[in-house]
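K.L.:
Mind having a look at this structure? Questions to follow.
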Amino acid sequence: MANDLMCDALAAELQANQLVHAAGAVRLAPHELRRLRITKRESQEKFWGRFGVTQSSGSRFETGLAIPAPVSILLRMYMNGKLSDGDLQG
């Protein structure tokens, strides 16, 4: 399981790097992040906590602050269904 997650994370990172080179920059749109969280009917604290992010930082991400690469990779894997809520619980 851990090896599968690591392989998925590396594949996601490689894909993200390819997109960065092709498009110049890759960012999740803040409104998409907020919409995802609201669709799940979760507070910022609960939603962002699963990614190891504080409520305060999550709020900043939802208003346009750049998301660090490790969090971005987890988010993309989560949004693509490669990670579930159970996978992300500490």
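Within each chain, counting starts at residue 1; across the structure tokens, chains are named A, B, ... in the order shown, with ligands numbered 1 upward in that order.
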Which neighbours of A:Arg60 fall inside 12 Å, counting only C-alpha atoms, when residues of the same chain fewer than 5 positions from it are skipped, and could you give them as a ChimeraX atom specification?
P.N.:
/A:30-31,33-34,44,48,53-55,65-68
K.L.:
Provide the atom CA of A:Leu83 to atom CA of A:Ser57 distance in Å, to one decimal place.
P.N.:
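Calculated distance between atom CA of A:Leu83 and atom CA of A:Ser57 is 21.2 Å.
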K.L.:
Which distance in Å separates atom CA of A:Ser72 and atom CA of A:Leu28, to one decimal?
P.N.:
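Between atom CA of A:Ser72 and atom CA of A:Leu28 the gap works out to 7.9 Å.
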K.L.:
Using only C-alpha atoms, pick whichever of A:Glu32, A:Asp87, A:Val71, A:Tyr78 has the shortest atom-to-atom distance to A:Gly52.
P.N.:
A:Val71
K.L.:
What does the structure give for the distance between atom CA of A:Arg50 and atom CA of A:Leu74, in Å to one decimal?
P.N.:
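These two atoms are separated by 9.7 Å.
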K.L.:
Given the choices A:Ala29, A:Ala69, A:Met77, A:Leu88, which gets closest to A:Phe47 if the distance is worked out from only C-alpha atoms?
P.N.:
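Selected residue with least distance to A:Phe47: A:Leu88.
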